[in-house]
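Participant: Supplied structure: target-v9.cif, mmCIF, C-alpha atoms.
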```cif
data_my_file
loop_
_atom_site.label_atom_id
_atom_site.label_comp_id
_atom_site.auth_asym_id
_atom_site.auth_seq_id
_atom_site.Cartn_x
_atom_site.Cartn_y
_atom_site.Cartn_z
CA ASP G 1 9.14 59.07 -73.64
CA GLY G 2 5.81 59.41 -71.86
CA GLY G 3 5.55 58.30 -68.28
CA ILE G 4 5.18 59.02 -64.61
CA THR G 5 8.14 60.14 -62.56
CA GLN G 6 8.44 60.16 -58.80
CA SER G 7 11.25 61.69 -56.89
CA PRO G 8 13.24 60.98 -54.92
CA LYS G 9 13.46 57.17 -55.00
CA TYR G 10 14.51 57.05 -51.32
CA LEU G 11 13.73 59.66 -48.70
CA PHE G 12 14.77 59.82 -45.06
CA ARG G 13 13.28 62.19 -42.49
CA LYS G 14 13.25 62.72 -38.80
CA GLU G 15 10.04 62.34 -36.87
CA GLY G 16 8.10 65.58 -36.60
CA GLN G 17 9.14 66.93 -40.01
CA ASN G 18 6.80 67.39 -42.95
CA VAL G 19 8.02 65.97 -46.26
CA THR G 20 6.74 66.40 -49.83
CA LEU G 21 6.87 63.64 -52.43
CA SER G 22 6.88 64.62 -56.07
CA CYS G 23 4.78 63.07 -58.85
CA GLU G 24 4.86 64.30 -62.46
CA GLN G 25 3.28 62.81 -65.58
CA ASN G 26 3.58 63.75 -69.25
CA LEU G 27 0.86 61.36 -70.45
CA ASN G 28 -1.81 64.07 -70.56
CA HIS G 29 -3.87 61.99 -68.13
CA ASP G 30 -6.73 63.65 -66.31
CA ALA G 31 -6.84 61.69 -63.07
CA MET G 32 -4.01 61.12 -60.62
CA TYR G 33 -3.77 59.01 -57.47
CA TRP G 34 -1.57 58.47 -54.42
CA TYR G 35 -1.30 55.07 -52.74
CA ARG G 36 0.58 53.73 -49.81
CA GLN G 37 1.95 50.15 -49.80
CA ASP G 38 3.08 48.35 -46.66
CA PRO G 39 4.70 44.88 -46.62
CA GLY G 40 2.19 42.11 -47.24
CA GLN G 41 -0.67 44.53 -47.81
CA GLY G 42 -2.48 45.75 -50.86
CA LEU G 43 -2.34 49.30 -52.11
CA ARG G 44 -4.34 51.74 -49.99
CA LEU G 45 -5.65 54.94 -51.53
CA ILE G 46 -4.59 58.19 -49.87
CA TYR G 47 -5.92 60.92 -52.22
CA TYR G 48 -7.04 61.23 -55.79
CA SER G 49 -7.73 64.03 -58.23
CA GLN G 50 -9.99 63.94 -61.29
CA ILE G 51 -9.18 67.43 -62.56
CA VAL G 52 -6.96 70.40 -61.80
CA ASN G 53 -7.74 72.24 -58.56
CA ASP G 54 -9.95 69.42 -57.29
CA PHE G 55 -9.11 66.36 -55.17
CA GLN G 56 -10.84 63.87 -52.88
CA LYS G 57 -9.79 61.93 -49.81
CA GLY G 58 -9.20 58.22 -50.15
CA ASP G 59 -9.40 55.57 -47.45
CA ILE G 60 -6.40 56.74 -45.41
CA ALA G 61 -6.10 60.52 -45.93
CA GLU G 62 -5.43 61.47 -42.29
CA GLY G 63 -1.97 63.00 -41.89
CA TYR G 64 -1.54 63.67 -45.61
CA SER G 65 -2.24 66.63 -47.89
CA VAL G 66 -2.12 67.17 -51.67
CA SER G 67 -2.46 69.88 -54.28
CA ARG G 68 -3.28 69.81 -58.01
CA GLU G 69 -2.35 73.17 -59.46
CA LYS G 70 -1.24 71.72 -62.80
CA LYS G 71 -2.51 68.76 -64.79
CA GLU G 72 0.99 67.23 -64.86
CA SER G 73 1.76 67.45 -61.17
CA PHE G 74 0.23 65.96 -57.99
CA PRO G 75 2.57 66.36 -54.99
CA LEU G 76 1.88 64.60 -51.70
CA THR G 77 2.87 66.06 -48.33
CA VAL G 78 3.31 63.67 -45.44
CA THR G 79 2.74 65.74 -42.33
CA SER G 80 3.96 65.21 -38.79
CA ALA G 81 0.39 64.20 -37.92
CA GLN G 82 0.76 60.93 -39.85
CA LYS G 83 1.42 58.38 -37.12
CA ASN G 84 3.11 55.71 -39.22
CA PRO G 85 4.66 57.43 -42.25
CA THR G 86 7.35 54.87 -43.12
CA ALA G 87 6.10 53.13 -46.27
CA PHE G 88 6.41 52.79 -50.05
CA TYR G 89 4.43 55.54 -51.78
CA LEU G 90 3.07 55.09 -55.29
CA CYS G 91 1.63 57.67 -57.65
CA ALA G 92 -0.62 56.66 -60.53
CA SER G 93 -2.56 58.27 -63.34
CA ARG G 94 -5.54 57.29 -65.49
CA PRO G 95 -6.16 58.29 -69.10
CA GLY G 96 -9.70 59.61 -69.09
CA GLN G 97 -13.35 59.28 -68.24
CA THR G 98 -13.93 55.86 -69.84
CA ALA G 99 -10.62 54.12 -69.13
CA TYR G 100 -10.11 52.94 -65.57
CA GLU G 101 -6.77 51.17 -65.71
CA GLN G 102 -4.16 53.09 -63.79
CA TYR G 103 -0.50 53.48 -64.67
CA PHE G 104 2.02 53.70 -61.88
CA GLY G 105 5.24 55.55 -61.25
CA PRO G 106 8.35 53.88 -59.83
CA GLY G 107 7.53 54.78 -56.21
CA THR G 108 9.25 56.58 -53.33
CA ARG G 109 10.36 54.73 -50.25
CA LEU G 110 10.02 57.01 -47.24
CA THR G 111 11.73 56.18 -43.97
CA VAL G 112 10.99 58.26 -40.88
CA THR G 113 13.06 57.73 -37.73
CA GLU P 1 -17.78 47.65 -49.48
CA ASP P 2 -15.73 46.06 -52.27
CA GLN P 3 -13.47 43.19 -51.25
CA VAL P 4 -10.68 41.47 -53.13
CA THR P 5 -8.95 38.31 -51.89
CA GLN P 6 -5.98 36.80 -53.67
CA SER P 7 -4.69 33.27 -53.18
CA PRO P 8 -2.28 31.80 -52.57
CA GLU P 9 -0.24 34.48 -50.80
CA ALA P 10 2.94 32.92 -52.16
CA LEU P 11 3.63 30.32 -54.85
CA ARG P 12 6.87 28.62 -55.80
CA LEU P 13 7.07 26.86 -59.15
CA GLN P 14 9.75 25.07 -61.08
CA GLU P 15 10.52 26.53 -64.49
CA GLY P 16 7.98 25.09 -66.93
CA GLU P 17 5.48 24.12 -64.23
CA SER P 18 2.17 25.75 -65.17
CA SER P 19 -0.22 27.01 -62.50
CA SER P 20 -2.96 29.55 -61.72
CA LEU P 21 -3.38 32.46 -59.35
CA ASN P 22 -6.81 33.27 -57.96
CA CYS P 23 -8.56 36.59 -57.35
CA SER P 24 -11.96 36.39 -55.62
CA TYR P 25 -14.03 39.51 -55.41
CA THR P 26 -17.17 40.90 -53.85
CA VAL P 27 -18.40 44.00 -55.60
CA SER P 28 -21.69 45.53 -56.39
CA GLY P 29 -21.80 45.77 -60.15
CA LEU P 30 -18.35 44.97 -61.49
CA ARG P 31 -17.10 47.59 -63.92
CA GLY P 32 -13.66 46.16 -64.47
CA LEU P 33 -11.12 43.73 -63.02
CA PHE P 34 -7.46 44.63 -63.42
CA TRP P 35 -4.28 42.56 -63.19
CA TYR P 36 -0.87 44.07 -62.45
CA ARG P 37 2.65 42.73 -62.09
CA GLN P 38 4.95 44.29 -59.49
CA ASP P 39 8.69 43.67 -59.23
CA PRO P 40 10.41 44.29 -55.87
CA GLY P 41 10.93 47.98 -55.15
CA LYS P 42 9.08 49.10 -58.31
CA GLY P 43 5.65 50.37 -59.24
CA PRO P 44 2.99 47.96 -60.53
CA GLU P 45 2.89 47.34 -64.27
CA PHE P 46 -0.54 47.09 -65.89
CA LEU P 47 -1.27 43.74 -67.54
CA PHE P 48 -4.98 43.26 -68.32
CA THR P 49 -8.49 44.60 -67.86
CA LEU P 50 -11.47 42.22 -67.92
CA TYR P 51 -15.03 43.49 -67.98
CA SER P 52 -17.46 40.60 -68.22
CA ALA P 53 -17.76 36.93 -67.25
CA GLY P 54 -16.30 34.66 -69.89
CA GLU P 55 -13.81 37.22 -71.12
CA GLU P 56 -10.18 36.13 -71.58
CA LYS P 57 -7.01 38.05 -72.34
CA GLU P 58 -3.53 36.75 -73.12
CA LYS P 59 -0.02 38.14 -73.09
CA GLU P 60 2.94 35.87 -73.69
CA ARG P 61 2.75 33.13 -71.01
CA LEU P 62 -0.09 34.81 -69.11
CA LYS P 63 -3.82 34.35 -69.61
CA ALA P 64 -6.45 36.06 -67.48
CA THR P 65 -10.01 34.78 -67.23
CA LEU P 66 -13.09 36.11 -65.46
CA THR P 67 -16.19 34.56 -63.90
CA LYS P 68 -18.94 36.25 -61.88
CA LYS P 69 -17.08 35.70 -58.61
CA GLU P 70 -13.41 35.35 -59.43
CA SER P 71 -10.59 35.78 -61.89
CA PHE P 72 -7.70 33.50 -62.65
CA LEU P 73 -4.26 34.36 -63.94
CA HIS P 74 -2.93 31.27 -65.67
CA ILE P 75 0.80 31.03 -66.16
CA THR P 76 1.90 28.54 -68.80
CA ALA P 77 5.45 27.14 -68.74
CA PRO P 78 6.75 29.96 -66.53
CA LYS P 79 10.31 31.22 -66.63
CA PRO P 80 12.36 32.72 -63.77
CA GLU P 81 11.74 36.20 -65.20
CA ASP P 82 8.03 35.73 -64.46
CA SER P 83 8.88 35.92 -60.75
CA ALA P 84 7.03 38.92 -59.28
CA THR P 85 4.04 39.85 -57.16
CA TYR P 86 0.79 39.79 -59.12
CA LEU P 87 -1.92 42.19 -57.96
CA CYS P 88 -5.60 42.13 -58.74
CA ALA P 89 -7.96 45.12 -58.45
CA VAL P 90 -11.65 45.77 -59.06
CA ARG P 91 -13.84 48.76 -59.80
CA ASP P 92 -17.55 48.89 -59.09
CA GLY P 93 -20.10 51.02 -60.83
CA SER P 94 -20.14 53.82 -58.30
CA ALA P 95 -16.43 54.10 -57.51
CA ARG P 96 -13.91 56.30 -59.23
CA GLN P 97 -11.07 54.32 -57.71
CA LEU P 98 -9.84 50.74 -57.60
CA THR P 99 -9.81 48.30 -54.69
CA PHE P 100 -6.66 46.15 -54.63
CA GLY P 101 -5.97 42.70 -53.25
CA SER P 102 -2.82 42.02 -51.26
CA GLY P 103 -1.17 40.10 -54.10
CA THR P 104 0.37 36.70 -54.85
CA GLN P 105 4.15 36.52 -54.69
CA LEU P 106 5.28 34.15 -57.46
CA THR P 107 8.75 32.63 -57.50
CA VAL P 108 9.84 30.55 -60.49
CA LEU P 109 12.92 28.46 -59.83
CA PRO P 110 15.34 27.57 -62.66
#
```
In structure tokens, write the structure found in this file.
Facilitator:
Amino acid sequence: DGGITQSPKYLFRKEGQNVTLSCEQNLNHDAMYWYRQDPGQGLRLIYYSQIVNDFQKGDIAEGYSVSREKKESFPLTVTSAQKNPTAFYLCASRPGQTAYEQYFGPGTRLTVT
Amino acid sequence: EDQVTQSPEALRLQEGESSSLNCSYTVSGLRGLFWYRQDPGKGPEFLFTLYSAGEEKEKERLKATLTKKESFLHITAPKPEDSATYLCAVRDGSARQLTFGSGTQLTVLP
């Protein structure tokens, strides 16, 4: 079955700790994205990557970092510099250069106390 | 800067009571308008892409339409399982990413 997996589903961390969220896809999609969703708000773009070893900042990249060493994988690190890290994090991928619909994973809910 | 506004924020319907959700957008050169359905605690599920004014797409009880300034998601004879948040997003000609609205939370009562 092709799809996007995110793990874990729930994640709890203490303030001041870095944490890495996993995103893997076996759809052979080129582009991958990370969004943050807060209650009552739309999805806000954190980072995106069009190809391996290349990525760009989105609207709210401060306090986050990513890597894209493999086409299938796009992990997101939430650093201690992110002031408000508690949120629902969504990973998405897009098929190719001419298709712009994005397909989403199930999400990771991060709680930092 | 692209802007997407969805209304209403929340909508409660009785089962079988048809209605429409609105997505108004401001974008320079629309290159696609996207509708998604999101269930609580889950990732959005892709529904439709519309590219030009006058275009319509249908899936079961849902029909999406597009004008030059807005899109409507019409829900005909909804059922309780249609309850979800419906998100709208746009892409302009220069962007490689989508701009999302904040969604309409639909509740269909049995």
Participant: Which residues would end up in the selection if the PyMOL selection byres ((chain G and resi 12) around 10) were applied here, given that I need the answer as a list of chain:residue names?
Facilitator: G:Tyr10, G:Leu11, G:Arg13, G:Lys14, G:Glu15, G:Val19, G:Thr86, G:Arg109, G:Leu110, G:Thr111, G:Val112, G:Thr113
Participant: Show me a table, sorted first by chain and then by increasing residue number, of the residues of chain P having an atom at most 6 Å from stretch 38-43 of chain G, each with its shortest atom pair and the distance in Å to one decimal, counting all atoms listed in the file and written as a tab-separated table.
Facilitator:
```
residue	atom	partner	partner_atom	distance
P:Phe100	CA	G:Gly42	CA	5.6
P:Gly101	CA	G:Gly42	CA	5.2
P:Ser102	CA	G:Gly42	CA	3.8
```
Participant: Enumerate, in order of chain and increasing residue number, the residues of chain G with an atom no farther than 8 Å from chain P, each with its shortest atom pair and distance in Å to one decimal, counting only C-alpha atoms, as CSV.
Facilitator:
```
residue,atom,partner,partner_atom,distance
G:Gly40,CA,P:Ser102,CA,6.4
G:Gln41,CA,P:Ser102,CA,4.8
G:Gly42,CA,P:Ser102,CA,3.8
G:Leu43,CA,P:Phe100,CA,5.9
G:Arg44,CA,P:Phe100,CA,7.6
G:Leu90,CA,P:Gly43,CA,6.7
G:Tyr100,CA,P:Gly32,CA,7.7
G:Glu101,CA,P:Phe34,CA,7.0
G:Gln102,CA,P:Phe46,CA,7.3
G:Tyr103,CA,P:Phe46,CA,6.5
G:Phe104,CA,P:Gly43,CA,5.6
G:Gly105,CA,P:Gly43,CA,5.6
G:Pro106,CA,P:Gly43,CA,4.5
G:Gly107,CA,P:Gly43,CA,5.7
```
Participant: For stretch 70-81 of chain P, work out the shell of residues within 10 Å, counting all atoms listed in the file and skipping chain neighbours fewer than 6 positions away, then give it as an MDAnalysis selection string.
Facilitator: chainID P and resid 4:7 13:26 33:35 48 50 53:64 88 106:110
Participant: Skipping near chain neighbours, those fewer than 2 positions away, what residues fall within 10 Å of G:Thr20 using all atoms listed in the file, listed as an mmCIF file with C-alpha atoms, in the frame of the given file?
Facilitator:
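As a result, selection.cif now contains:
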```
data_model
loop_
_atom_site.group_PDB
_atom_site.id
_atom_site.type_symbol
_atom_site.label_atom_id
_atom_site.label_comp_id
_atom_site.auth_asym_id
_atom_site.auth_seq_id
_atom_site.Cartn_x
_atom_site.Cartn_y
_atom_site.Cartn_z
ATOM 1 C CA SER G 7 11.250 61.690 -56.890
ATOM 2 C CA PRO G 8 13.240 60.980 -54.920
ATOM 3 C CA LEU G 11 13.730 59.660 -48.700
ATOM 4 C CA ASN G 18 6.800 67.390 -42.950
ATOM 5 C CA SER G 22 6.880 64.620 -56.070
ATOM 6 C CA CYS G 23 4.780 63.070 -58.850
ATOM 7 C CA TYR G 64 -1.540 63.670 -45.610
ATOM 8 C CA SER G 65 -2.240 66.630 -47.890
ATOM 9 C CA VAL G 66 -2.120 67.170 -51.670
ATOM 10 C CA PRO G 75 2.570 66.360 -54.990
ATOM 11 C CA LEU G 76 1.880 64.600 -51.700
ATOM 12 C CA THR G 77 2.870 66.060 -48.330
ATOM 13 C CA VAL G 78 3.310 63.670 -45.440
ATOM 14 C CA THR G 79 2.740 65.740 -42.330
#
```
Participant: So which residues get picked by the PyMOL selection byres ((chain P and resi 27) around 7) here, written as a PyMOL selection string?
Facilitator: chain P and resi 2-3+25-26+28-30+92
Participant: Please, what distance in Å, to one decimal, runs between atom CA of G:Lys57 and atom CA of G:Leu45?
Facilitator: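 Distance reported for this atom pair: 8.3 Å.
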Participant: May I ask for the distance between atom CA of G:Tyr89 and atom CA of G:Leu21, given in Å to one decimal place?
Facilitator: 8.5 Å
